[in-house]
file run-v4.txt (compact mmCIF, C-alpha atoms and all ligand atoms)
# COMPACT_ATOMS: atom_id res chain seq x y z
CA MET S 254 68.11 169.38 148.08
CA GLU S 255 71.40 170.46 149.63
CA LYS S 256 73.70 167.82 151.08
CA ILE S 257 75.61 169.68 153.76
CA LEU S 258 77.79 166.75 154.94
CA LYS S 259 79.10 163.96 152.76
CA CYS S 260 81.04 160.88 153.86
CA LYS S 261 83.09 159.31 151.11
CA ASN S 262 84.39 155.87 151.92
CA VAL S 263 85.20 156.80 155.53
CA VAL S 264 87.36 154.23 157.31
CA LEU S 265 88.19 154.88 160.97
CA LYS S 266 90.71 152.86 162.94
CA TYR S 267 91.33 152.98 166.69
CA GLY S 268 94.98 151.86 166.63
CA THR S 269 94.78 148.77 164.43
CA LYS S 270 91.09 148.09 165.12
CA GLU S 271 88.84 149.19 162.29
CA ALA S 272 85.61 150.66 163.72
CA LEU S 273 84.13 152.12 160.51
CA HIS S 274 84.51 150.11 157.31
CA GLY S 275 84.03 152.56 154.46
CA ILE S 276 80.97 154.68 155.15
CA ASN S 277 79.28 156.48 152.26
CA MET S 278 76.48 158.76 153.35
CA GLU S 279 75.05 162.20 152.65
CA ILE S 280 73.28 164.39 155.20
CA GLU S 281 70.63 166.75 153.98
CA GLN S 282 70.58 170.35 155.14
CA ASP S 283 67.90 171.53 157.61
CA LYS S 284 66.64 168.03 158.32
CA ILE S 285 67.03 165.65 161.24
CA THR S 286 69.04 162.51 160.56
CA ALA S 287 69.06 159.75 163.20
CA LEU S 288 71.89 157.21 163.56
CA ILE S 289 70.61 153.93 165.01
CA GLY S 290 72.00 150.43 165.56
CA PRO S 291 73.06 148.07 168.34
CA SER S 292 75.61 149.02 170.95
CA GLY S 293 79.14 149.19 169.57
CA CYS S 294 78.10 149.45 165.90
CA GLY S 295 79.93 152.76 165.44
CA LYS S 296 77.22 155.41 165.77
CA SER S 297 79.14 157.69 168.14
CA THR S 298 82.34 157.07 166.23
CA LEU S 299 80.73 158.27 163.01
CA LEU S 300 79.08 161.25 164.74
CA LYS S 301 82.40 162.34 166.21
CA CYS S 302 84.01 162.21 162.74
CA PHE S 303 81.81 165.12 161.70
CA ASN S 304 83.62 167.60 163.89
CA ARG S 305 86.94 165.82 164.29
CA MET S 306 86.45 164.82 167.90
CA HIS S 307 88.73 161.78 167.59
CA LEU S 308 92.01 163.59 168.12
CA ASP S 309 92.57 162.11 171.59
CA ASP S 310 91.45 158.60 170.67
CA ASN S 311 94.55 157.32 168.85
CA ALA S 312 92.27 157.20 165.82
CA THR S 313 93.06 157.55 162.13
CA VAL S 314 90.54 158.49 159.49
CA GLU S 315 90.74 157.64 155.80
CA GLY S 316 88.40 158.70 153.05
CA GLN S 317 86.77 162.10 153.02
CA ILE S 318 84.21 164.02 155.02
CA LEU S 319 83.00 167.07 153.17
CA PHE S 320 81.21 169.94 154.91
CA ASN S 321 79.74 172.30 152.32
CA ASP S 322 82.06 170.51 149.88
CA GLN S 323 85.19 171.34 151.93
CA ASP S 324 87.26 168.44 153.25
CA ILE S 325 87.19 168.84 157.04
CA TYR S 326 90.27 166.61 157.41
CA ASP S 327 92.34 168.95 155.27
CA PRO S 328 95.30 169.89 157.53
CA LYS S 329 94.66 173.54 156.65
CA GLU S 330 91.13 173.38 158.09
CA ASP S 331 90.56 175.80 160.99
CA MET S 332 89.42 173.50 163.82
CA VAL S 333 88.02 176.27 166.02
CA GLU S 334 85.88 177.56 163.17
CA LEU S 335 84.85 173.99 162.22
CA ARG S 336 83.60 173.34 165.76
CA ARG S 337 81.75 176.65 165.77
CA GLN S 338 79.97 175.63 162.59
CA ILE S 339 79.38 172.03 163.71
CA GLY S 340 78.41 172.00 167.37
CA MET S 341 78.07 168.97 169.63
CA VAL S 342 75.77 168.07 172.53
CA PHE S 343 76.65 165.03 174.64
CA GLN S 344 74.72 162.37 176.53
CA GLN S 345 75.49 163.83 179.95
CA PRO S 346 74.72 167.54 180.10
CA VAL S 347 77.91 169.30 181.08
CA PRO S 348 77.27 172.96 181.87
CA PHE S 349 80.31 175.02 182.85
CA PRO S 350 80.40 175.93 186.57
CA LEU S 351 79.17 179.40 185.64
CA SER S 352 75.88 181.26 185.68
CA VAL S 353 73.17 180.41 183.14
CA TYR S 354 73.98 183.69 181.37
CA ASP S 355 77.73 183.09 181.29
CA ASN S 356 77.27 179.52 180.02
CA VAL S 357 75.44 180.81 176.96
CA ALA S 358 77.61 183.92 176.51
CA TYR S 359 80.83 181.88 176.76
CA GLY S 360 81.19 180.98 173.07
CA PRO S 361 80.22 184.41 171.67
CA ARG S 362 82.66 186.08 174.13
CA ILE S 363 85.48 183.80 172.97
CA GLY S 364 84.46 184.70 169.43
CA GLY S 365 85.04 188.37 170.25
CA VAL S 366 81.55 189.69 171.08
CA LYS S 367 82.02 192.26 173.88
CA ASP S 368 79.00 194.52 173.57
CA LYS S 369 76.69 193.88 176.54
CA GLU S 370 73.51 194.56 174.61
CA GLN S 371 74.53 192.21 171.81
CA LEU S 372 75.44 189.50 174.33
CA ASP S 373 72.11 189.97 176.13
CA GLN S 374 70.33 189.51 172.83
CA ILE S 375 72.27 186.36 171.90
CA VAL S 376 71.67 184.85 175.36
CA GLU S 377 67.94 185.54 175.23
CA GLU S 378 67.52 184.31 171.67
CA SER S 379 69.52 181.11 172.29
CA LEU S 380 67.64 180.30 175.49
CA LYS S 381 64.34 180.89 173.71
CA GLN S 382 65.35 178.61 170.84
CA ALA S 383 66.31 175.93 173.36
CA ALA S 384 62.91 176.34 175.09
CA LEU S 385 64.54 177.28 178.40
CA TRP S 386 64.03 181.06 178.53
CA ASP S 387 60.75 181.07 180.43
CA GLU S 388 62.17 178.88 183.16
CA VAL S 389 65.37 180.88 183.75
CA LYS S 390 64.70 184.45 182.62
CA ASP S 391 64.16 185.76 186.15
CA ASP S 392 67.44 184.41 187.46
CA LEU S 393 70.09 184.35 184.76
CA LYS S 394 72.79 184.69 187.43
CA LYS S 395 71.88 181.32 188.93
CA SER S 396 74.53 178.63 188.47
CA GLY S 397 73.96 176.35 185.47
CA LEU S 398 74.82 173.45 187.77
CA GLY S 399 71.76 174.26 189.89
CA LEU S 400 69.34 173.42 187.09
CA SER S 401 67.58 170.06 186.69
CA GLY S 402 69.09 167.49 184.31
CA GLY S 403 66.62 168.31 181.55
CA GLN S 404 67.17 172.05 182.00
CA GLN S 405 70.95 171.51 181.95
CA GLN S 406 70.64 169.67 178.63
CA ARG S 407 68.60 172.54 177.15
CA LEU S 408 71.24 174.93 178.51
CA CYS S 409 73.88 172.92 176.65
CA ILE S 410 71.76 173.18 173.49
CA ALA S 411 71.44 176.97 174.04
CA ARG S 412 75.21 177.20 174.51
CA THR S 413 75.72 175.40 171.20
CA LEU S 414 73.19 177.64 169.42
CA ALA S 415 74.79 180.83 170.76
CA VAL S 416 77.70 180.57 168.31
CA LYS S 417 75.32 180.16 165.37
CA PRO S 418 76.37 176.76 164.03
CA GLN S 419 75.06 175.24 160.81
CA VAL S 420 75.00 171.67 162.12
CA ILE S 421 74.21 170.30 165.59
CA LEU S 422 75.44 166.82 166.49
CA LEU S 423 73.76 165.15 169.46
CA ASP S 424 74.98 161.92 171.05
CA GLU S 425 72.05 160.29 172.89
CA PRO S 426 71.00 163.66 174.34
CA THR S 427 67.95 162.34 176.18
CA SER S 428 69.11 158.96 177.46
CA ALA S 429 69.91 160.39 180.91
CA LEU S 430 66.58 162.26 181.14
CA ASP S 431 63.04 161.51 182.31
CA PRO S 432 60.30 161.17 179.65
CA ILE S 433 58.93 164.71 180.16
CA SER S 434 62.34 166.33 179.77
CA SER S 435 63.06 164.05 176.78
CA GLY S 436 59.79 165.15 175.18
CA LEU S 437 60.75 168.81 175.62
CA ILE S 438 64.12 168.23 173.98
CA GLU S 439 62.43 166.39 171.08
CA GLU S 440 60.02 169.30 170.56
CA THR S 441 62.93 171.72 170.66
CA LEU S 442 64.87 169.76 168.04
CA MET S 443 61.87 169.61 165.73
CA LYS S 444 61.57 173.40 165.86
CA LEU S 445 65.28 173.90 165.34
CA LYS S 446 65.41 171.93 162.12
CA ASP S 447 63.92 174.87 160.21
CA GLU S 448 67.28 176.57 160.63
CA TYR S 449 69.78 173.88 161.54
CA THR S 450 70.91 170.51 160.28
CA ILE S 451 70.66 167.98 163.10
CA VAL S 452 72.35 164.60 163.38
CA ILE S 453 71.33 162.57 166.43
CA VAL S 454 72.55 159.24 167.79
CA THR S 455 69.76 157.48 169.62
CA HIS S 456 69.09 154.09 171.15
CA ASN S 457 65.43 154.93 171.26
CA MET S 458 63.82 153.78 168.04
CA GLN S 459 60.51 155.48 168.81
CA GLN S 460 62.45 158.70 169.20
CA ALA S 461 64.12 158.22 165.80
CA ALA S 462 60.72 157.48 164.25
CA ARG S 463 59.10 160.50 165.91
CA ILE S 464 61.59 163.22 165.15
CA SER S 465 63.88 162.32 162.26
CA ASP S 466 63.43 162.81 158.52
CA TYR S 467 66.16 160.32 157.61
CA THR S 468 67.55 157.32 159.45
CA ALA S 469 70.87 155.54 159.07
CA PHE S 470 71.03 151.98 160.38
CA MET S 471 74.53 150.78 161.26
CA LEU S 472 75.81 147.34 162.15
CA ASN S 473 79.36 146.28 163.09
CA GLY S 474 80.93 149.43 161.67
CA SER S 475 79.05 149.37 158.36
CA LEU S 476 76.13 151.42 157.12
CA ILE S 477 73.43 148.88 156.29
CA GLU S 478 70.66 151.20 155.20
CA PHE S 479 70.09 154.93 154.80
CA ASN S 480 66.53 155.86 154.04
CA SER S 481 63.72 158.26 154.75
CA THR S 482 62.54 157.51 158.28
CA LYS S 483 59.03 156.78 157.03
CA GLN S 484 60.28 154.22 154.55
CA MET S 485 62.74 152.69 156.98
CA PHE S 486 60.16 152.13 159.69
CA GLU S 487 57.33 151.06 157.37
CA LYS S 488 59.11 149.04 154.73
CA PRO S 489 62.90 148.91 155.03
CA ASP S 490 64.88 147.92 151.95
CA ASN S 491 67.26 145.63 153.83
CA GLN S 492 66.28 142.44 155.68
CA LEU S 493 68.83 143.19 158.42
CA THR S 494 67.13 146.54 159.10
CA ASP S 495 63.78 144.80 159.31
CA ASP S 496 65.19 142.21 161.72
CA TYR S 497 66.71 144.89 163.95
CA LEU S 498 63.62 147.11 163.99
CA ASN S 499 61.49 144.12 164.87
CA GLY S 500 63.72 143.13 167.76
CA ARG S 501 65.09 139.98 166.14
CA PHE S 502 68.61 140.96 167.32
CA GLY S 503 70.47 143.78 169.12
N1 LIG S 601 88.33 155.69 172.03
C1 LIG S 601 88.23 154.44 171.59
N2 LIG S 601 89.32 153.65 171.53
C2 LIG S 601 89.24 152.37 171.07
N3 LIG S 601 88.09 151.78 170.63
C3 LIG S 601 86.98 152.52 170.68
C4 LIG S 601 86.98 153.88 171.16
N4 LIG S 601 85.72 154.35 171.08
C5 LIG S 601 84.96 153.35 170.59
N5 LIG S 601 85.71 152.25 170.35
C6 LIG S 601 85.24 150.98 169.77
O1 LIG S 601 84.69 151.26 168.49
C7 LIG S 601 83.48 150.52 168.27
C8 LIG S 601 82.33 151.47 167.99
O2 LIG S 601 82.07 152.21 169.18
P1 LIG S 601 80.98 153.36 169.24
O3 LIG S 601 81.07 153.98 170.60
O4 LIG S 601 81.13 154.25 168.09
O5 LIG S 601 79.63 152.55 169.09
P2 LIG S 601 78.14 153.00 169.36
O6 LIG S 601 77.33 152.41 168.27
O7 LIG S 601 78.08 154.47 169.53
O8 LIG S 601 77.85 152.27 170.74
P3 LIG S 601 76.89 152.67 171.96
O9 LIG S 601 75.52 152.63 171.39
O10 LIG S 601 77.13 151.57 172.95
O11 LIG S 601 77.31 154.02 172.43
C9 LIG S 601 83.28 149.65 169.51
O12 LIG S 601 83.83 148.40 169.26
C10 LIG S 601 84.08 150.38 170.58
O13 LIG S 601 84.57 149.49 171.54
call {"tool": "encode", "arguments": {"input": "run-v4.txt", "output": "structure tokens", "more": "lines below"}}
Ligand SMILES: Nc1ncnc2c1ncn2[C@@H]1O[C@H](COP(=O)(O)OP(=O)(O)OP(=O)(O)O)[C@@H](O)[C@H]1O
result
Amino acid sequence: MEKILKCKNVVLKYGTKEALHGINMEIEQDKITALIGPSGCGKSTLLKCFNRMHLDDNATVEGQILFNDQDIYDPKEDMVELRRQIGMVFQQPVPFPLSVYDNVAYGPRIGGVKDKEQLDQIVEESLKQAALWDEVKDDLKKSGLGLSGGQQQRLCIARTLAVKPQVILLDEPTSALDPISSGLIEETLMKLKDEYTIVIVTHNMQQAARISDYTAFMLNGSLIEFNSTKQMFEKPDNQLTDDYLNGRFG
């Protein structure tokens, strides 16, 4: 089993405040890993470490994060390429103020794809993978901002897929959506894991139980338990995990 991302003793400080206290964790390729834990425990902070999103946060990172055994914090690392390979989808869908087509074609165009036929193909394939194609195929010129919230989130997923990443990071991607839209996103993610490694932060424990293969439970900046989702939800190894999952705190 391939471990595509590895955290080795990762310590993250915002200024002098330590938000992650030495995280050791390995993420398996082509699986869904959920990060859960109470508010403020460091889930988003850890997720953002995986594609170096902390640059504007006055944050320092110690330890190592390896992506395919390459240290992503190596100063020689190509950040543009890293973010192509490790894409991110946020809580609030943020389409560009462009057409549906141009939203999806944006990344490939920046990456140098000019051929219209090739772009058409990428746009169609990405929208199909994100389960949005059928709803937008007759009006690809429509503004992305004119879609519903759930459609906008799937558009953001399509935009991420268009540059052919290996890993997709999602930070509470359904928390702003209604249950039907959330269900569609969950189905989409479960199909995508055949080809992509997915790491998702979620507050919704049923969602973690439904869609993930592995779950990491964090508390106060530490990783308390990393386990198969089945094991974690049926018989966790750590008493703190059990207490959290059974609503005894958080
Ligand atoms: N940019 C920042 N600057 C300073 N402190 C931060 C910053 N971002 C997060 N923190 C702090 O780091 C800790 C972890 O925050 P983080 O957002 O990672 O938690 P979380 O588990 O994702 O929380 P939530 O579930 O509420 O989103 C918190 O104490 C938070 O206040």
call {"tool": "atom_distance", "arguments": {"input": "run-v4.txt", "atom1": "CA of Asn356 (chain S)", "atom2": "CA of Phe303 (chain S)"}}
result
23.7 Å
call {"tool": "closest_atom_pairs", "arguments": {"input": "run-v4.txt", "of": "chain S", "to": "ligand LIG 601 (chain S)", "cutoff": "12 Å", "atoms": "all atoms listed in the file", "output": "JSON lines"}}
result
{"residue": "S:Val264", "atom": "CA", "partner": "S:LIG601", "partner_atom": "O1", "distance": 11.9}
{"residue": "S:Leu265", "atom": "CA", "partner": "S:LIG601", "partner_atom": "O1", "distance": 9.1}
{"residue": "S:Lys266", "atom": "CA", "partner": "S:LIG601", "partner_atom": "N3", "distance": 8.2}
{"residue": "S:Tyr267", "atom": "CA", "partner": "S:LIG601", "partner_atom": "C2", "distance": 4.9}
{"residue": "S:Gly268", "atom": "CA", "partner": "S:LIG601", "partner_atom": "C2", "distance": 7.3}
{"residue": "S:Thr269", "atom": "CA", "partner": "S:LIG601", "partner_atom": "C2", "distance": 9.4}
{"residue": "S:Lys270", "atom": "CA", "partner": "S:LIG601", "partner_atom": "N3", "distance": 7.3}
{"residue": "S:Glu271", "atom": "CA", "partner": "S:LIG601", "partner_atom": "O1", "distance": 7.7}
{"residue": "S:Ala272", "atom": "CA", "partner": "S:LIG601", "partner_atom": "O1", "distance": 4.9}
{"residue": "S:Leu273", "atom": "CA", "partner": "S:LIG601", "partner_atom": "C8", "distance": 7.7}
{"residue": "S:His274", "atom": "CA", "partner": "S:LIG601", "partner_atom": "C8", "distance": 11.0}
{"residue": "S:Leu288", "atom": "CA", "partner": "S:LIG601", "partner_atom": "O6", "distance": 8.6}
{"residue": "S:Ile289", "atom": "CA", "partner": "S:LIG601", "partner_atom": "O6", "distance": 7.6}
{"residue": "S:Gly290", "atom": "CA", "partner": "S:LIG601", "partner_atom": "O6", "distance": 6.3}
{"residue": "S:Pro291", "atom": "CA", "partner": "S:LIG601", "partner_atom": "O9", "distance": 6.0}
{"residue": "S:Ser292", "atom": "CA", "partner": "S:LIG601", "partner_atom": "O10", "distance": 3.6}
{"residue": "S:Gly293", "atom": "CA", "partner": "S:LIG601", "partner_atom": "O5", "distance": 3.4}
{"residue": "S:Cys294", "atom": "CA", "partner": "S:LIG601", "partner_atom": "O6", "distance": 3.9}
{"residue": "S:Gly295", "atom": "CA", "partner": "S:LIG601", "partner_atom": "O4", "distance": 3.3}
{"residue": "S:Lys296", "atom": "CA", "partner": "S:LIG601", "partner_atom": "O6", "distance": 3.9}
{"residue": "S:Ser297", "atom": "CA", "partner": "S:LIG601", "partner_atom": "O7", "distance": 3.7}
{"residue": "S:Thr298", "atom": "CA", "partner": "S:LIG601", "partner_atom": "O4", "distance": 3.6}
{"residue": "S:Leu299", "atom": "CA", "partner": "S:LIG601", "partner_atom": "O4", "distance": 6.5}
{"residue": "S:Leu300", "atom": "CA", "partner": "S:LIG601", "partner_atom": "O4", "distance": 8.0}
{"residue": "S:Lys301", "atom": "CA", "partner": "S:LIG601", "partner_atom": "O4", "distance": 8.4}
{"residue": "S:Cys302", "atom": "CA", "partner": "S:LIG601", "partner_atom": "O4", "distance": 10.0}
{"residue": "S:Met306", "atom": "CA", "partner": "S:LIG601", "partner_atom": "N1", "distance": 10.2}
{"residue": "S:His307", "atom": "CA", "partner": "S:LIG601", "partner_atom": "N1", "distance": 7.5}
{"residue": "S:Leu308", "atom": "CA", "partner": "S:LIG601", "partner_atom": "N1", "distance": 9.6}
{"residue": "S:Asp309", "atom": "CA", "partner": "S:LIG601", "partner_atom": "N1", "distance": 7.7}
{"residue": "S:Asp310", "atom": "CA", "partner": "S:LIG601", "partner_atom": "N1", "distance": 4.5}
{"residue": "S:Asn311", "atom": "CA", "partner": "S:LIG601", "partner_atom": "N2", "distance": 6.9}
{"residue": "S:Ala312", "atom": "CA", "partner": "S:LIG601", "partner_atom": "N2", "distance": 7.3}
{"residue": "S:Thr313", "atom": "CA", "partner": "S:LIG601", "partner_atom": "N2", "distance": 10.8}
{"residue": "S:Phe343", "atom": "CA", "partner": "S:LIG601", "partner_atom": "O11", "distance": 11.2}
{"residue": "S:Gln344", "atom": "CA", "partner": "S:LIG601", "partner_atom": "O11", "distance": 9.7}
{"residue": "S:Leu423", "atom": "CA", "partner": "S:LIG601", "partner_atom": "O7", "distance": 11.5}
{"residue": "S:Asp424", "atom": "CA", "partner": "S:LIG601", "partner_atom": "O7", "distance": 8.2}
{"residue": "S:Glu425", "atom": "CA", "partner": "S:LIG601", "partner_atom": "O11", "distance": 8.2}
{"residue": "S:Pro426", "atom": "CA", "partner": "S:LIG601", "partner_atom": "O11", "distance": 11.7}
{"residue": "S:Ser428", "atom": "CA", "partner": "S:LIG601", "partner_atom": "O11", "distance": 10.8}
{"residue": "S:Ile453", "atom": "CA", "partner": "S:LIG601", "partner_atom": "O7", "distance": 11.0}
{"residue": "S:Val454", "atom": "CA", "partner": "S:LIG601", "partner_atom": "O7", "distance": 7.5}
{"residue": "S:Thr455", "atom": "CA", "partner": "S:LIG601", "partner_atom": "O9", "distance": 7.7}
{"residue": "S:His456", "atom": "CA", "partner": "S:LIG601", "partner_atom": "O9", "distance": 6.6}
{"residue": "S:Asn457", "atom": "CA", "partner": "S:LIG601", "partner_atom": "O9", "distance": 10.3}
{"residue": "S:Ala469", "atom": "CA", "partner": "S:LIG601", "partner_atom": "O6", "distance": 11.7}
{"residue": "S:Phe470", "atom": "CA", "partner": "S:LIG601", "partner_atom": "O6", "distance": 10.1}
{"residue": "S:Met471", "atom": "CA", "partner": "S:LIG601", "partner_atom": "O6", "distance": 7.7}
{"residue": "S:Leu472", "atom": "CA", "partner": "S:LIG601", "partner_atom": "O6", "distance": 8.1}
{"residue": "S:Asn473", "atom": "CA", "partner": "S:LIG601", "partner_atom": "C8", "distance": 7.7}
{"residue": "S:Gly474", "atom": "CA", "partner": "S:LIG601", "partner_atom": "C8", "distance": 6.8}
{"residue": "S:Ser475", "atom": "CA", "partner": "S:LIG601", "partner_atom": "C8", "distance": 10.4}
{"residue": "S:Leu476", "atom": "CA", "partner": "S:LIG601", "partner_atom": "O6", "distance": 11.3}
{"residue": "S:Gly503", "atom": "CA", "partner": "S:LIG601", "partner_atom": "O9", "distance": 10.4}
call {"tool": "closest_residue", "arguments": {"input": "run-v4.txt", "among": "S:Glu377, S:Gln459, S:Val366, S:Phe349", "to": "Gly436 (chain S)", "atoms": "only C-alpha atoms"}}
result
S:Gln459
call {"tool": "residues_around", "arguments": {"input": "run-v4.txt", "residues": "Leu351 (chain S)", "least_positions_apart": "2", "cutoff": "9 Å", "atoms": "only C-alpha atoms", "output": "list in words"}}
result
Pro348, Phe349, Val353, Tyr354, Asp355, Asn356, Lys394, Lys395, Ser396, Gly397 and Leu398 of chain S
call {"tool": "residues_around", "arguments": {"input": "run-v4.txt", "residues": "Val416 (chain S)", "least_positions_apart": "5", "cutoff": "12 Å", "atoms": "only C-alpha atoms", "output": "VMD selection string"}}
result
chain S and resid 333 to 341 356 to 366 372 375 to 376 378 to 379 409 to 411 421
call {"tool": "residues_around", "arguments": {"input": "run-v4.txt", "residues": "Gln406 (chain S)", "least_positions_apart": "3", "cutoff": "10 Å", "atoms": "only C-alpha atoms", "output": "ChimeraX atom specification"}}
result
/S:342-348,383,385,400-403,409-412,426-427,429-430,434-435,438
call {"tool": "atom_distance", "arguments": {"input": "run-v4.txt", "atom1": "CA of Gln382 (chain S)", "atom2": "CA of Asp283 (chain S)"}}
result
15.2 Å
call {"tool": "residues_around", "arguments": {"input": "run-v4.txt", "residues": "Ile451 (chain S)", "least_positions_apart": "5", "cutoff": "8 Å", "atoms": "all atoms listed in the file", "output": "PDB file with C-alpha atoms, keeping the file's coordinate frame"}}
result
ATOM      1  CA  ASP S 283      67.900 171.530 157.610  1.00  0.00           C
ATOM      2  CA  LYS S 284      66.640 168.030 158.320  1.00  0.00           C
ATOM      3  CA  ILE S 285      67.030 165.650 161.240  1.00  0.00           C
ATOM      4  CA  THR S 286      69.040 162.510 160.560  1.00  0.00           C
ATOM      5  CA  VAL S 420      75.000 171.670 162.120  1.00  0.00           C
ATOM      6  CA  ILE S 421      74.210 170.300 165.590  1.00  0.00           C
ATOM      7  CA  LEU S 422      75.440 166.820 166.490  1.00  0.00           C
ATOM      8  CA  LEU S 423      73.760 165.150 169.460  1.00  0.00           C
ATOM      9  CA  LEU S 442      64.870 169.760 168.040  1.00  0.00           C
ATOM     10  CA  LYS S 446      65.410 171.930 162.120  1.00  0.00           C
TER      11      LYS S 446
END
call {"tool": "atom_distance", "arguments": {"input": "run-v4.txt", "atom1": "CA of Ala462 (chain S)", "atom2": "CA of Gln492 (chain S)"}}
result
18.2 Å
call {"tool": "closest_residue", "arguments": {"input": "run-v4.txt", "among": "S:Glu440, S:Glu388, S:Asp495, S:Glu478", "to": "Ser465 (chain S)", "atoms": "all atoms listed in the file"}}
result
S:Glu440
call {"tool": "build_atoms", "arguments": {"input": "run-v4.txt", "residues": "region 386-398 of chain S", "atoms": "N, CA and C atoms", "output": "PDB file, keeping the file's coordinate frame"}}
result
ATOM      1  N   TRP S 386      64.118 179.656 178.118  1.00  0.00           N
ATOM      2  CA  TRP S 386      64.030 181.060 178.530  1.00  0.00           C
ATOM      3  C   TRP S 386      63.015 181.285 179.646  1.00  0.00           C
ATOM      4  N   ASP S 387      61.799 180.796 179.451  1.00  0.00           N
ATOM      5  CA  ASP S 387      60.750 181.070 180.430  1.00  0.00           C
ATOM      6  C   ASP S 387      61.093 180.557 181.822  1.00  0.00           C
ATOM      7  N   GLU S 388      61.844 179.469 181.861  1.00  0.00           N
ATOM      8  CA  GLU S 388      62.170 178.880 183.160  1.00  0.00           C
ATOM      9  C   GLU S 388      63.347 179.566 183.861  1.00  0.00           C
ATOM     10  N   VAL S 389      64.152 180.302 183.126  1.00  0.00           N
ATOM     11  CA  VAL S 389      65.370 180.880 183.750  1.00  0.00           C
ATOM     12  C   VAL S 389      65.457 182.396 183.655  1.00  0.00           C
ATOM     13  N   LYS S 390      64.533 183.018 182.941  1.00  0.00           N
ATOM     14  CA  LYS S 390      64.700 184.450 182.620  1.00  0.00           C
ATOM     15  C   LYS S 390      64.757 185.352 183.854  1.00  0.00           C
ATOM     16  N   ASP S 391      64.157 184.916 184.965  1.00  0.00           N
ATOM     17  CA  ASP S 391      64.160 185.760 186.150  1.00  0.00           C
ATOM     18  C   ASP S 391      65.415 185.592 187.006  1.00  0.00           C
ATOM     19  N   ASP S 392      66.238 184.634 186.654  1.00  0.00           N
ATOM     20  CA  ASP S 392      67.440 184.410 187.460  1.00  0.00           C
ATOM     21  C   ASP S 392      68.596 183.904 186.585  1.00  0.00           C
ATOM     22  N   LEU S 393      69.031 184.767 185.688  1.00  0.00           N
ATOM     23  CA  LEU S 393      70.090 184.350 184.760  1.00  0.00           C
ATOM     24  C   LEU S 393      71.447 184.228 185.446  1.00  0.00           C
ATOM     25  N   LYS S 394      71.505 184.764 186.696  1.00  0.00           N
ATOM     26  CA  LYS S 394      72.790 184.690 187.430  1.00  0.00           C
ATOM     27  C   LYS S 394      72.938 183.370 188.192  1.00  0.00           C
ATOM     28  N   LYS S 395      71.844 182.607 188.224  1.00  0.00           N
ATOM     29  CA  LYS S 395      71.880 181.320 188.930  1.00  0.00           C
ATOM     30  C   LYS S 395      72.896 180.386 188.244  1.00  0.00           C
ATOM     31  N   SER S 396      73.546 179.541 189.057  1.00  0.00           N
ATOM     32  CA  SER S 396      74.530 178.630 188.470  1.00  0.00           C
ATOM     33  C   SER S 396      73.849 177.612 187.534  1.00  0.00           C
ATOM     34  N   GLY S 397      74.472 177.355 186.402  1.00  0.00           N
ATOM     35  CA  GLY S 397      73.960 176.350 185.470  1.00  0.00           C
ATOM     36  C   GLY S 397      73.899 174.977 186.113  1.00  0.00           C
ATOM     37  N   LEU S 398      74.784 174.756 187.097  1.00  0.00           N
ATOM     38  CA  LEU S 398      74.820 173.450 187.770  1.00  0.00           C
ATOM     39  C   LEU S 398      73.632 173.256 188.702  1.00  0.00           C
TER      40      LEU S 398
END
